[in-house]
>>> print(open('data.pdb').read())   # PDB, C-alpha atoms
ATOM      1  CA  MET A   1      35.342 -15.906   3.895
ATOM      2  CA  SER A   2      35.523 -15.947   0.101
ATOM      3  CA  ALA A   3      35.037 -19.180  -1.825
ATOM      4  CA  THR A   4      37.009 -18.147  -4.869
ATOM      5  CA  LYS A   5      39.915 -16.095  -3.502
ATOM      6  CA  GLU A   6      43.307 -17.251  -4.823
ATOM      7  CA  MET A   7      45.935 -17.721  -2.151
ATOM      8  CA  THR A   8      49.710 -17.564  -2.246
ATOM      9  CA  HIS A   9      51.639 -20.505  -0.790
ATOM     10  CA  GLU A  10      52.567 -18.440   2.259
ATOM     11  CA  GLU A  11      48.937 -17.483   2.828
ATOM     12  CA  SER A  12      47.906 -21.136   2.600
ATOM     13  CA  LEU A  13      50.398 -22.203   5.257
ATOM     14  CA  ARG A  14      49.397 -19.280   7.493
ATOM     15  CA  LEU A  15      45.734 -20.196   7.134
ATOM     16  CA  ILE A  16      46.373 -23.846   8.074
ATOM     17  CA  LYS A  17      48.420 -22.758  11.094
ATOM     18  CA  ASN A  18      45.746 -20.281  12.244
ATOM     19  CA  MET A  19      42.922 -22.817  11.946
ATOM     20  CA  ILE A  20      44.801 -25.525  13.845
ATOM     21  CA  GLN A  21      45.798 -22.956  16.501
ATOM     22  CA  SER A  22      42.189 -21.771  16.865
ATOM     23  CA  VAL A  23      41.084 -25.331  17.696
ATOM     24  CA  LYS A  24      43.948 -25.766  20.167
ATOM     25  CA  SER A  25      43.119 -22.519  21.987
ATOM     26  CA  ASP A  26      39.477 -23.594  22.225
ATOM     27  CA  PHE A  27      40.170 -26.141  24.942
ATOM     28  CA  GLU A  28      37.464 -26.662  27.551
ATOM     29  CA  ASP A  29      37.782 -25.914  31.233
ATOM     30  CA  ASP A  30      37.779 -29.450  32.649
ATOM     31  CA  SER A  31      39.182 -28.414  36.045
ATOM     32  CA  PHE A  32      35.791 -29.092  37.688
ATOM     33  CA  GLN A  33      36.294 -32.870  37.813
ATOM     34  CA  TYR A  34      39.777 -32.610  39.335
ATOM     35  CA  LEU A  35      38.641 -30.079  41.951
ATOM     36  CA  PHE A  36      35.371 -31.864  42.727
ATOM     37  CA  TRP A  37      36.935 -35.299  43.219
ATOM     38  CA  GLY A  38      40.011 -33.823  44.883
ATOM     39  CA  TRP A  39      38.040 -32.012  47.586
ATOM     40  CA  LEU A  40      35.564 -34.895  48.010
ATOM     41  CA  VAL A  41      38.253 -37.568  48.538
ATOM     42  CA  PHE A  42      40.397 -35.183  50.618
ATOM     43  CA  SER A  43      37.451 -34.382  52.941
ATOM     44  CA  ALA A  44      36.381 -38.040  53.209
ATOM     45  CA  ALA A  45      39.925 -39.170  54.074
ATOM     46  CA  ILE A  46      40.357 -36.478  56.745
ATOM     47  CA  ILE A  47      36.876 -37.120  58.241
ATOM     48  CA  ASN A  48      37.514 -40.887  58.246
ATOM     49  CA  TYR A  49      40.877 -40.376  59.997
ATOM     50  CA  THR A  50      39.359 -38.012  62.582
ATOM     51  CA  LEU A  51      36.451 -40.384  63.342
ATOM     52  CA  ILE A  52      38.882 -43.311  63.779
ATOM     53  CA  GLN A  53      40.845 -41.209  66.281
ATOM     54  CA  LEU A  54      37.557 -40.562  68.123
ATOM     55  CA  ASN A  55      36.850 -44.332  68.126
ATOM     56  CA  ASN A  56      33.685 -43.870  66.083
ATOM     57  CA  GLU A  57      32.525 -47.267  64.799
ATOM     58  CA  TYR A  58      30.843 -45.742  61.736
ATOM     59  CA  ALA A  59      33.995 -43.912  60.582
ATOM     60  CA  SER A  60      34.176 -45.595  57.185
ATOM     61  CA  LEU A  61      30.568 -44.701  56.295
ATOM     62  CA  VAL A  62      31.867 -41.331  55.090
ATOM     63  CA  TRP A  63      32.936 -43.119  51.856
ATOM     64  CA  LEU A  64      29.246 -43.536  50.989
ATOM     65  CA  LEU A  65      29.580 -39.952  49.707
ATOM     66  CA  MET A  66      31.494 -41.328  46.706
ATOM     67  CA  PRO A  67      28.525 -42.815  44.781
ATOM     68  CA  ILE A  68      26.682 -39.496  45.263
ATOM     69  CA  GLY A  69      29.807 -37.768  43.947
ATOM     70  CA  GLY A  70      29.715 -40.113  40.950
ATOM     71  CA  ILE A  71      26.172 -38.991  40.097
ATOM     72  CA  VAL A  72      27.066 -35.275  40.412
ATOM     73  CA  SER A  73      30.187 -35.803  38.302
ATOM     74  CA  ALA A  74      28.292 -37.718  35.587
ATOM     75  CA  LEU A  75      25.563 -35.045  35.422
ATOM     76  CA  HIS A  76      28.188 -32.310  35.083
ATOM     77  CA  SER A  77      29.956 -34.220  32.261
ATOM     78  CA  ARG A  78      26.664 -34.714  30.468
ATOM     79  CA  LYS A  79      25.841 -31.014  30.685
ATOM     80  CA  GLN A  80      29.312 -30.007  29.484
ATOM     81  CA  ASN A  81      29.299 -32.438  26.530
ATOM     82  CA  LYS A  82      25.874 -31.283  25.405
ATOM     83  CA  GLY A  83      27.125 -27.800  24.522
ATOM     84  CA  LYS A  84      30.184 -28.988  22.597
ATOM     85  CA  LYS A  85      30.182 -28.393  18.841
ATOM     86  CA  ALA A  86      33.394 -30.272  18.093
ATOM     87  CA  LYS A  87      35.105 -33.295  19.570
ATOM     88  CA  SER A  88      38.878 -33.359  19.707
ATOM     89  CA  PHE A  89      41.094 -36.442  19.615
ATOM     90  CA  VAL A  90      42.490 -35.498  23.043
ATOM     91  CA  GLU A  91      38.991 -35.399  24.564
ATOM     92  CA  GLN A  92      38.225 -38.792  23.049
ATOM     93  CA  PHE A  93      41.468 -40.208  24.451
ATOM     94  CA  ILE A  94      40.729 -38.785  27.927
ATOM     95  CA  ASN A  95      37.219 -40.300  27.806
ATOM     96  CA  HIS A  96      38.733 -43.744  27.082
ATOM     97  CA  ILE A  97      41.311 -43.326  29.861
ATOM     98  CA  SER A  98      38.565 -42.223  32.294
ATOM     99  CA  THR A  99      36.463 -45.288  31.422
ATOM    100  CA  ALA A 100      39.459 -47.615  31.922
ATOM    101  CA  PHE A 101      40.263 -45.864  35.226
ATOM    102  CA  LEU A 102      36.686 -46.144  36.531
ATOM    103  CA  ILE A 103      36.466 -49.859  35.648
ATOM    104  CA  SER A 104      39.829 -50.540  37.353
ATOM    105  CA  LEU A 105      38.817 -48.503  40.404
ATOM    106  CA  THR A 106      35.517 -50.396  40.695
ATOM    107  CA  ILE A 107      37.382 -53.743  40.566
ATOM    108  CA  VAL A 108      39.766 -52.583  43.319
ATOM    109  CA  LEU A 109      36.878 -51.303  45.493
ATOM    110  CA  PHE A 110      34.918 -54.553  45.103
ATOM    111  CA  SER A 111      38.078 -56.486  46.007
ATOM    112  CA  MET A 112      38.528 -54.504  49.235
ATOM    113  CA  PRO A 113      37.889 -57.556  51.513
ATOM    114  CA  HIS A 114      40.745 -59.419  49.784
ATOM    115  CA  LEU A 115      43.091 -56.473  49.412
ATOM    116  CA  GLN A 116      42.530 -55.206  52.975
ATOM    117  CA  GLU A 117      45.341 -52.733  53.817
ATOM    118  CA  SER A 118      46.615 -52.796  50.217
ATOM    119  CA  CYS A 119      43.380 -51.243  48.946
ATOM    120  CA  TYR A 120      44.286 -47.536  49.324
ATOM    121  CA  PRO A 121      47.822 -48.000  47.950
ATOM    122  CA  MET A 122      46.280 -49.773  44.920
ATOM    123  CA  ILE A 123      43.877 -46.838  44.461
ATOM    124  CA  LEU A 124      46.853 -44.447  44.597
ATOM    125  CA  VAL A 125      48.591 -46.470  41.854
ATOM    126  CA  LEU A 126      45.468 -46.068  39.685
ATOM    127  CA  TYR A 127      45.309 -42.323  40.478
ATOM    128  CA  GLY A 128      48.937 -42.084  39.357
ATOM    129  CA  ILE A 129      48.201 -43.763  36.010
ATOM    130  CA  PHE A 130      45.103 -41.610  35.419
ATOM    131  CA  LEU A 131      46.720 -38.288  36.330
ATOM    132  CA  TYR A 132      49.959 -38.932  34.445
ATOM    133  CA  THR A 133      48.227 -40.011  31.210
ATOM    134  CA  CYS A 134      45.667 -37.162  31.332
ATOM    135  CA  GLY A 135      48.462 -34.665  32.056
ATOM    136  CA  SER A 136      50.455 -36.022  29.114
ATOM    137  CA  ALA A 137      47.427 -35.902  26.794
ATOM    138  CA  ILE A 138      46.781 -32.216  27.485
ATOM    139  CA  GLU A 139      50.502 -31.451  27.943
ATOM    140  CA  PHE A 140      49.956 -30.096  31.452
ATOM    141  CA  ASN A 141      52.925 -30.727  33.743
ATOM    142  CA  PRO A 142      51.200 -30.155  37.137
ATOM    143  CA  LEU A 143      48.976 -33.199  36.406
ATOM    144  CA  ARG A 144      51.991 -35.296  35.353
ATOM    145  CA  ILE A 145      53.789 -34.304  38.563
ATOM    146  CA  GLY A 146      50.570 -35.067  40.492
ATOM    147  CA  GLY A 147      50.567 -38.548  38.940
ATOM    148  CA  ALA A 148      54.184 -39.136  39.981
ATOM    149  CA  LEU A 149      53.340 -37.884  43.478
ATOM    150  CA  ASN A 150      50.531 -40.454  43.734
ATOM    151  CA  TRP A 151      52.885 -43.262  42.713
ATOM    152  CA  ILE A 152      55.358 -42.200  45.418
ATOM    153  CA  ALA A 153      52.456 -41.984  47.907
ATOM    154  CA  ALA A 154      51.413 -45.525  46.896
ATOM    155  CA  LEU A 155      54.925 -46.849  47.556
ATOM    156  CA  ILE A 156      54.907 -45.307  51.031
ATOM    157  CA  ALA A 157      51.290 -46.326  51.759
ATOM    158  CA  PHE A 158      52.060 -50.048  51.196
ATOM    159  CA  ASN A 159      54.334 -49.877  54.251
ATOM    160  CA  VAL A 160      52.225 -47.979  56.805
ATOM    161  CA  SER A 161      49.091 -48.564  58.920
ATOM    162  CA  PHE A 162      45.544 -47.957  57.637
ATOM    163  CA  GLU A 163      45.154 -44.684  59.607
ATOM    164  CA  ILE A 164      48.350 -43.241  58.166
ATOM    165  CA  GLN A 165      47.263 -44.375  54.692
ATOM    166  CA  LEU A 166      44.258 -42.034  55.034
ATOM    167  CA  LEU A 167      46.553 -39.065  55.677
ATOM    168  CA  ILE A 168      48.759 -40.079  52.731
ATOM    169  CA  LEU A 169      45.659 -40.366  50.536
ATOM    170  CA  ALA A 170      44.574 -36.838  51.572
ATOM    171  CA  GLY A 171      48.054 -35.466  50.770
ATOM    172  CA  ALA A 172      48.160 -37.317  47.429
ATOM    173  CA  VAL A 173      44.816 -35.926  46.238
ATOM    174  CA  LEU A 174      45.855 -32.456  47.388
ATOM    175  CA  GLY A 175      48.988 -32.644  45.207
ATOM    176  CA  GLY A 176      47.480 -34.721  42.405
ATOM    177  CA  TYR A 177      43.975 -33.299  41.986
ATOM    178  CA  ILE A 178      43.348 -30.103  43.971
ATOM    179  CA  ILE A 179      46.493 -28.057  43.213
ATOM    180  CA  PRO A 180      46.648 -29.100  39.500
ATOM    181  CA  GLY A 181      42.872 -28.453  39.311
ATOM    182  CA  TYR A 182      43.308 -24.830  40.412
ATOM    183  CA  LEU A 183      46.308 -24.392  38.095
ATOM    184  CA  LEU A 184      44.253 -25.799  35.191
ATOM    185  CA  LYS A 185      41.430 -23.398  36.008
ATOM    186  CA  ARG A 186      43.890 -20.491  35.986
ATOM    187  CA  LYS A 187      45.364 -21.665  32.663
ATOM    188  CA  TYR A 188      41.866 -21.723  31.157
ATOM    189  CA  SER A 189      41.087 -18.202  32.478
ATOM    190  CA  ASN A 190      44.364 -16.883  31.020
ATOM    191  CA  GLN A 191      43.550 -18.554  27.685
ATOM    192  CA  GLN A 192      40.083 -16.984  27.690
ATOM    193  CA  SER A 193      41.579 -13.541  28.338
ATOM    194  CA  LEU A 194      44.067 -14.040  25.477
ATOM    195  CA  ASN A 195      41.292 -15.151  23.095
ATOM    196  CA  ALA A 196      39.179 -12.146  24.044
ATOM    197  CA  ALA A 197      42.075  -9.698  23.545
TER     198      ALA A 197
ATOM    199  CA  MET B   1      59.755 -30.061 -10.463
ATOM    200  CA  PHE B   2      57.062 -29.056  -8.006
ATOM    201  CA  LYS B   3      54.051 -31.184  -7.253
ATOM    202  CA  ASP B   4      50.792 -29.554  -8.319
ATOM    203  CA  LEU B   5      48.701 -28.206  -5.488
ATOM    204  CA  ASP B   6      45.361 -29.988  -5.096
ATOM    205  CA  PRO B   7      42.905 -27.443  -6.629
ATOM    206  CA  LEU B   8      40.170 -28.636  -4.299
ATOM    207  CA  LEU B   9      42.202 -27.718  -1.245
ATOM    208  CA  HIS B  10      43.903 -24.633  -2.684
ATOM    209  CA  GLN B  11      40.929 -22.455  -1.865
ATOM    210  CA  GLN B  12      40.516 -20.438   1.329
ATOM    211  CA  LEU B  13      37.278 -21.806   2.764
ATOM    212  CA  ARG B  14      37.805 -25.459   1.821
ATOM    213  CA  LEU B  15      41.373 -25.366   3.159
ATOM    214  CA  SER B  16      40.107 -23.808   6.415
ATOM    215  CA  VAL B  17      37.490 -26.542   6.795
ATOM    216  CA  ILE B  18      39.993 -29.348   6.142
ATOM    217  CA  SER B  19      42.510 -27.779   8.571
ATOM    218  CA  LEU B  20      39.830 -27.619  11.273
ATOM    219  CA  LEU B  21      38.687 -31.188  10.646
ATOM    220  CA  VAL B  22      42.271 -32.495  10.726
ATOM    221  CA  SER B  23      42.532 -31.124  14.270
ATOM    222  CA  THR B  24      39.223 -32.543  15.511
ATOM    223  CA  LYS B  25      37.599 -35.957  15.617
ATOM    224  CA  GLU B  26      34.364 -34.475  14.259
ATOM    225  CA  ALA B  27      32.810 -31.026  14.120
ATOM    226  CA  GLU B  28      29.313 -29.623  13.811
ATOM    227  CA  PHE B  29      28.293 -27.286  11.001
ATOM    228  CA  GLY B  30      27.903 -24.416  13.526
ATOM    229  CA  PHE B  31      31.477 -24.900  14.768
ATOM    230  CA  LEU B  32      32.882 -24.707  11.215
ATOM    231  CA  LYS B  33      30.727 -21.670  10.463
ATOM    232  CA  ASP B  34      31.918 -19.838  13.616
ATOM    233  CA  LYS B  35      35.574 -20.623  12.992
ATOM    234  CA  THR B  36      35.614 -19.701   9.297
ATOM    235  CA  ASN B  37      33.191 -16.729   9.459
ATOM    236  CA  ALA B  38      31.603 -18.092   6.284
ATOM    237  CA  THR B  39      27.943 -17.752   5.375
ATOM    238  CA  ALA B  40      25.826 -20.881   5.869
ATOM    239  CA  GLY B  41      25.086 -21.127   2.122
ATOM    240  CA  ASN B  42      28.711 -20.801   1.021
ATOM    241  CA  LEU B  43      29.925 -23.223   3.685
ATOM    242  CA  SER B  44      27.282 -25.743   2.709
ATOM    243  CA  VAL B  45      28.349 -25.630  -0.967
ATOM    244  CA  GLN B  46      32.039 -26.070  -0.114
ATOM    245  CA  LEU B  47      31.328 -28.919   2.328
ATOM    246  CA  ASN B  48      29.424 -30.754  -0.404
ATOM    247  CA  LYS B  49      32.378 -30.337  -2.795
ATOM    248  CA  LEU B  50      34.728 -31.841  -0.203
ATOM    249  CA  ALA B  51      32.258 -34.657   0.471
ATOM    250  CA  ASP B  52      31.854 -35.385  -3.260
ATOM    251  CA  ALA B  53      35.646 -35.741  -3.518
ATOM    252  CA  GLY B  54      35.577 -38.215  -0.612
ATOM    253  CA  TYR B  55      37.645 -35.920   1.627
ATOM    254  CA  ILE B  56      34.987 -35.609   4.333
ATOM    255  CA  THR B  57      31.775 -37.333   5.392
ATOM    256  CA  ILE B  58      28.659 -35.380   6.307
ATOM    257  CA  ALA B  59      26.193 -36.950   8.741
ATOM    258  CA  LYS B  60      22.754 -35.463   9.253
ATOM    259  CA  SER B  61      20.833 -36.173  12.460
ATOM    260  CA  PHE B  62      18.644 -34.456  15.046
ATOM    261  CA  ARG B  63      19.417 -33.093  18.515
ATOM    262  CA  ASP B  64      16.609 -31.781  20.732
ATOM    263  CA  ASN B  65      14.350 -31.803  17.640
ATOM    264  CA  TYR B  66      16.746 -29.552  15.685
ATOM    265  CA  PRO B  67      18.637 -30.757  12.598
ATOM    266  CA  LEU B  68      22.310 -31.369  13.250
ATOM    267  CA  THR B  69      25.021 -31.636  10.577
ATOM    268  CA  THR B  70      28.297 -33.221  11.644
ATOM    269  CA  CYS B  71      31.429 -33.395   9.483
ATOM    270  CA  LYS B  72      34.369 -35.731   9.756
ATOM    271  CA  ILE B  73      37.563 -35.992   7.699
ATOM    272  CA  THR B  74      38.154 -39.318   5.886
ATOM    273  CA  PRO B  75      41.514 -41.153   5.509
ATOM    274  CA  GLN B  76      41.477 -39.967   1.876
ATOM    275  CA  GLY B  77      41.040 -36.388   3.105
ATOM    276  CA  ILE B  78      43.939 -36.762   5.541
ATOM    277  CA  THR B  79      46.211 -38.045   2.741
ATOM    278  CA  ALA B  80      45.142 -35.188   0.448
ATOM    279  CA  PHE B  81      45.861 -32.663   3.229
ATOM    280  CA  GLU B  82      49.274 -34.200   3.935
ATOM    281  CA  ASN B  83      50.182 -34.118   0.234
ATOM    282  CA  TYR B  84      49.016 -30.510  -0.011
ATOM    283  CA  VAL B  85      51.155 -29.430   2.985
ATOM    284  CA  SER B  86      54.133 -31.373   1.633
ATOM    285  CA  ALA B  87      53.816 -29.656  -1.777
ATOM    286  CA  LEU B  88      53.611 -26.252  -0.053
ATOM    287  CA  GLN B  89      56.712 -27.004   2.010
ATOM    288  CA  ASP B  90      58.667 -28.096  -1.106
ATOM    289  CA  TYR B  91      57.778 -24.859  -2.810
ATOM    290  CA  LEU B  92      58.697 -22.684   0.176
ATOM    291  CA  LYS B  93      62.007 -24.531   0.716
ATOM    292  CA  SER B  94      63.048 -23.805  -2.869
ATOM    293  CA  LYS B  95      62.548 -20.054  -2.441
TER     294      LYS B  95
END
>>> encode(input="data.pdb", output="C-alpha cells")
Amino acid sequence: MSATKEMTHEESLRLIKNMIQSVKSDFEDDSFQYLFWGWLVFSAAIINYTLIQLNNEYASLVWLLMPIGGIVSALHSRKQNKGKKAKSFVEQFINHISTAFLISLTIVLFSMPHLQESCYPMILVLYGIFLYTCGSAIEFNPLRIGGALNWIAALIAFNVSFEIQLLILAGAVLGGYIIPGYLLKRKYSNQQSLNAA
Amino acid sequence: MFKDLDPLLHQQLRLSVISLLVSTKEAEFGFLKDKTNATAGNLSVQLNKLADAGYITIAKSFRDNYPLTTCKITPQGITAFENYVSALQDYLKSK
C-alpha cells in the first residue's frame, strides 16, 4: 500500500468501509465453548436423572465433572487468546459478561443448600441472561432465542419436582447451547469460505 | 463551504490503519501489516506519524521473548476520524 497516493473522496469512503468490513469478517470461531458446556451439562443432567430413577445414592456426583470442564474450558480460552493479533470491543464485552456470569453462577452453586429446589431454575435464569447478551453482542439470533428459551425453562422449572428439573435443564441447554453452537460453527465455516473465495 | 480534510488522515495507509483501529480495542503490528499489505518499514513510519499527532498510542512489550508492538486509537484519534468521515459525507452529499 502506497504512503503517498492521493485519494478521491469516494475512494476514501470505500477504503474505510473495506477496512471495517475486513475486521468484522475476521470473527473467531467461539462455538467450542457453547458446544463443550452444552454437551457436558446435557450429559450430566441426563445421567443424574437416570441414576435417580435407578435409586443410585451417588447420582449427584456426576456434577463433579463441572470443575474438570472448567479447567478444559479455561485452557482452551487461553490457547485461543494467545494467537489473537487484535482484540475487538465485542470480545472484550463478552469477556466481561462471561466473568459476571461465572461469579453469579458460583454464588448460586455455593448457595445450593439454601436454594434447594430453586437452584436449577436460578441457574437457568443466569443461562438466559448470558446467552441473550452474548447473542445480542455478536448479533446472532439463535443465541438470543436460546436465552429466551432458558428463561421460559426457568419459569417452568420453579414449579416442578427436582427430577423433572433435570430434564428441563437438559432440554434448555440443548436449545440454548448445543443447537446455537452448531449453527455458530456453520456460520464461521461459511464466513471462512467467503473470505477464501 | 466544505470543511478541509485532515491531511494526516487523507492518505491511504494512515486512513486504513485508523479505520482498523476504530473497529478494534487494540491491534498488533502484525495484524495491521496483514490487513493493509504494507511493508513493515512503511507501516512503521506511518504509525509514528499518527502517534506523534496523538491519534494513536504505540506500546512496545515482549511475548514469548519476541518484541511485540501494540497500537490503540486515542479519543483524539476517534474525534479526528469522525470529523474526517463527516467532511467526506458533506462533500459527497453536495455532489
>>> axis_aligned_box(input="data.pdb", around="region 46-61 of chain A", padding_each_side="3 Å", output="lines of an AutoDock Vina configuration file")
center_x = 35.7
center_y = -41.9
center_z = 62.2
size_x = 16.3
size_y = 16.8
size_z = 17.8
>>> closest_atom_pairs(input="data.pdb", of="chain A", to="chain B", cutoff="6 Å", atoms="all atoms listed in the file", output="Markdown table")
| residue | atom | partner | partner_atom | distance |
| --- | --- | --- | --- | --- |
| A:Met1 | CA | B:Ala38 | CA | 4.9 |
| A:Ala3 | CA | B:Leu13 | CA | 5.7 |
| A:Ile16 | CA | B:Ser19 | CA | 5.5 |
| A:Met19 | CA | B:Leu20 | CA | 5.8 |
| A:Ile20 | CA | B:Leu20 | CA | 6.0 |
| A:Lys85 | CA | B:Glu28 | CA | 5.3 |
| A:Ala86 | CA | B:Ala27 | CA | 4.1 |
| A:Lys87 | CA | B:Lys25 | CA | 5.4 |
| A:Ser88 | CA | B:Thr24 | CA | 4.3 |
| A:Phe89 | CA | B:Lys25 | CA | 5.3 |
>>> closest_residue(input="data.pdb", among="A:Gly171, A:Pro121, A:Pro113, A:Gly135", to="Ser31 (chain A)", atoms="only C-alpha atoms")
A:Gly135
>>> atom_distance(input="data.pdb", atom1="CA of Leu68 (chain B)", atom2="CA of Thr99 (chain A)")
26.9 Å
>>> closest_residue(input="data.pdb", among="B:Pro75, B:Tyr66, B:Ala40, B:Glu82", to="Gly54 (chain B)", atoms="only C-alpha atoms")
B:Pro75
>>> atom_distance(input="data.pdb", atom1="CA of Tyr34 (chain A)", atom2="CA of Leu155 (chain A)")
22.4 Å
>>> resolve_selection(input="data.pdb", expression="the PyMOL selection byres ((chain A and resi 118) around 12)", output="list in words")
Val108, Leu109, Ser111, Met112, Pro113, His114, Leu115, Gln116, Glu117, Cys119, Tyr120, Pro121, Met122, Ile123, Leu124, Val125, Ala154, Leu155, Ile156, Ala157, Phe158, Asn159, Val160, Ser161, Phe162 and Gln165 of chain A
>>> closest_residue(input="data.pdb", among="B:Thr74, B:Thr69, B:Ser94, B:Thr79", to="Tyr55 (chain B)", atoms="all atoms listed in the file")
B:Thr74
>>> atom_distance(input="data.pdb", atom1="CA of Gly181 (chain A)", atom2="CA of Ala59 (chain A)")
27.8 Å
>>> resolve_selection(input="data.pdb", expression="the PyMOL selection byres ((chain A and resi 48) around 9)", output="list in words")
Ser43, Ala44, Ala45, Ile46, Ile47, Tyr49, Thr50, Leu51, Ile52, Gln53, Tyr58, Ala59, Ser60, Leu61, Val62, Trp63, Glu163 and Leu166 of chain A
>>> closest_residue(input="data.pdb", among="A:Leu131, A:Leu169, A:Phe140, A:Trp151", to="Tyr188 (chain A)", atoms="only C-alpha atoms")
A:Phe140
>>> resolve_selection(input="data.pdb", expression="the PyMOL selection byres ((chain B and resi 58) around 9)", output="list of chain:residue names")
B:Leu47, B:Asn48, B:Ala51, B:Ile56, B:Thr57, B:Ala59, B:Lys60, B:Thr69, B:Thr70, B:Cys71, B:Lys72
>>> build_atoms(input="data.pdb", residues="region 24-42 of chain B", atoms="N, CA and C atoms", output="compact mmCIF listing (two decimals), keeping the file's coordinate frame")
# COMPACT_ATOMS: atom_id res chain seq x y z
N THR B 24 40.32 -32.06 14.65
CA THR B 24 39.22 -32.54 15.51
C THR B 24 38.77 -33.93 15.06
N LYS B 25 38.13 -34.64 15.98
CA LYS B 25 37.60 -35.96 15.62
C LYS B 25 36.39 -35.77 14.71
N GLU B 26 35.51 -34.85 15.08
CA GLU B 26 34.36 -34.48 14.26
C GLU B 26 33.89 -33.09 14.69
N ALA B 27 33.24 -32.38 13.79
CA ALA B 27 32.81 -31.03 14.12
C ALA B 27 31.44 -30.75 13.53
N GLU B 28 30.65 -29.98 14.29
CA GLU B 28 29.31 -29.62 13.81
C GLU B 28 29.40 -28.46 12.82
N PHE B 29 28.37 -28.35 12.00
CA PHE B 29 28.29 -27.29 11.00
C PHE B 29 28.48 -25.91 11.67
N GLY B 30 27.84 -25.69 12.81
CA GLY B 30 27.90 -24.42 13.53
C GLY B 30 29.33 -24.07 13.95
N PHE B 31 30.08 -25.09 14.36
CA PHE B 31 31.48 -24.90 14.77
C PHE B 31 32.29 -24.41 13.57
N LEU B 32 32.12 -25.08 12.42
CA LEU B 32 32.88 -24.71 11.22
C LEU B 32 32.50 -23.29 10.76
N LYS B 33 31.22 -22.99 10.88
CA LYS B 33 30.73 -21.67 10.46
C LYS B 33 31.33 -20.57 11.37
N ASP B 34 31.35 -20.82 12.68
CA ASP B 34 31.92 -19.84 13.62
C ASP B 34 33.41 -19.61 13.35
N LYS B 35 34.12 -20.72 13.14
CA LYS B 35 35.57 -20.62 12.99
C LYS B 35 35.99 -19.97 11.68
N THR B 36 35.21 -20.21 10.61
CA THR B 36 35.61 -19.70 9.30
C THR B 36 34.96 -18.36 8.96
N ASN B 37 33.96 -17.96 9.74
CA ASN B 37 33.19 -16.73 9.46
C ASN B 37 32.53 -16.78 8.08
N ALA B 38 32.24 -17.96 7.60
CA ALA B 38 31.60 -18.09 6.28
C ALA B 38 30.09 -18.01 6.44
N THR B 39 29.41 -17.73 5.32
CA THR B 39 27.94 -17.75 5.38
C THR B 39 27.50 -19.22 5.31
N ALA B 40 26.32 -19.50 5.83
CA ALA B 40 25.83 -20.88 5.87
C ALA B 40 25.74 -21.47 4.45
N GLY B 41 25.25 -20.65 3.50
CA GLY B 41 25.09 -21.13 2.12
C GLY B 41 26.41 -21.48 1.48
N ASN B 42 27.39 -20.58 1.60
CA ASN B 42 28.71 -20.80 1.02
C ASN B 42 29.37 -22.03 1.65
